[in-house]
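Q: Okay, handing you the structure first.
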Amino acid sequence: MSLAFSACQQLDLPVVSEADRLPAYLDDEERVVHALLDPRQLEPLGPGRYRYTVSQVKVFQLKIQPVVELQVVHRNGRLELEALDCQLEGLGLVEDFRLGLCSWLAAADGGLTGEASLSVTVSRPTLLQVIPPKVLEATGRSVLGGILLGISSRVSQQLLGDFQRWCRSS
């Protein structure tokens with residue numbers, strides 16, 4: 001039996017100073033990706049492609065560490081980030097696992113707008129057969145929501161801080 005869950009987070013972040021420079025900043029893909037994701041966990045694979053080792057997640061005494069292959073593209077005035085592939089380390093009992101990640105950032109009047117959607121489809125590990133599917137799915141949605149909240153926090157702190165440093169240096 002497979003489980004499926006998802007979460008979505010929208011972003012509307014005002015930028016007080018030099019908001020007109022946001023489009024140029026978002027064009028510096030590598031800089032933006034390094035501000036969004038921990039560079040120590042990020043491995044460049046080629047133009048616009050990265051491998052990201054997500055921090056370990058603990059769910060029902062299981063320790064899971066996703067390793068995600070990401071693609072970054074500029075499209076329609078937006079910086080888009082999507083997962084191409086994902087492998088789970090530390091959970092050899094799962095036969096099928098699919099992670100969906102679609103996110104984007106764009107400069108808007110006076111700030112940044114964006115959205116991130118995460119979805120997971122996974123076979124139910126034998127160790128978790130005694131837990132009702134609804135509980136597992138609610139837990140999965142909660143974990144994904146926490147991940148998206150962390151990303152939103154990182155955008156508002158790390159990305160805007162890096163944008164301000166970029167503005168001062170250029």
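By order of appearance in the structure tokens: chains A, B, ..., then residues from 1 within every chain, and ligands from 1 in the order shown.
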How would you write, as a ChimeraX atom specification, the set of residues in range 25-128 of chain A that DSSP gives as strand (DSSP E)?

A: /A:42-46,49-53,57-59,62-75,78-89,97-108,111-123

Q: So the first atom is CA of Leu159 in chain A and the second is CA of Val68 in chain A; what is the distance between them in Å, to one decimal place?

A: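 Atom-to-atom, CA of Leu159 in chain A and CA of Val68 in chain A are spaced 20.6 Å apart.
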
Q: Once you count only C-alpha atoms, what closest atom pair and distance in Å to one decimal does each residue of range 129-169 of chain A within 9 Å of range 10-30 of chain A have, with rows by chain and rising residue number, as CSV?

A:
```
residue,atom,partner,partner_atom,distance
A:Ser152,CA,A:Leu11,CA,7.0
A:Val155,CA,A:Leu11,CA,8.9
A:Ser156,CA,A:Leu13,CA,7.1
A:Leu160,CA,A:Val15,CA,8.0
A:Phe163,CA,A:Tyr25,CA,6.9
A:Gln164,CA,A:Ser17,CA,8.4
A:Trp166,CA,A:Tyr25,CA,7.7
A:Cys167,CA,A:Glu18,CA,7.7
```

Q: Kindly give the distance, in Å, that separates CA of Gln9 in chain A and CA of Leu149 in chain A, rounded to a single decimal.

A: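 These two atoms are separated by 7.3 Å.
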
Q: If we count only C-alpha atoms and set the cut-off at 10 Å, which residues sit around Glu69 in chain A, ignoring sequence neighbours fewer than 3 positions away in its own chain? Please answer as a PyMOL selection string.

A: chain A and resi 42-45+49-53+66+82-87

Q: Report the residues of chain A whose backbone DSSP state falls under alpha helix (DSSP H), written as a ChimeraX atom specification.

A: /A:22-26,29-36,133-154,160-169

Q: Looking at only C-alpha atoms, which of A:Val122, A:Ile64, A:Ala4, A:Ile147 is the one that sits closest to Leu37 in chain A?

A: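 Using only C-alpha atoms, the shortest distance to Leu37 in chain A belongs to A:Ile147.
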
Q: Calculated over only C-alpha atoms, which of the candidates A:Leu144, A:Leu101, A:Val73, A:Val54 has the smallest distance to Glu115 in chain A?

A: A:Leu101

Q: Leaving out Ala7 in chain A and any residue of its chain fewer than 4 positions from it, which residues lie within 9 Å of it when counting only C-alpha atoms, given as a list in words?

A: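 Everything that qualifies: Ala116, Ser117, Leu118, Ser119, Arg141, Ser142, Leu144, Gly145 and Leu148 of chain A.
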
Q: What's the separation between CA of Glu89 in chain A and CA of Leu105 in chain A, in Å to one decimal place?

A: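 Distance between the two atoms: 28.9 Å.
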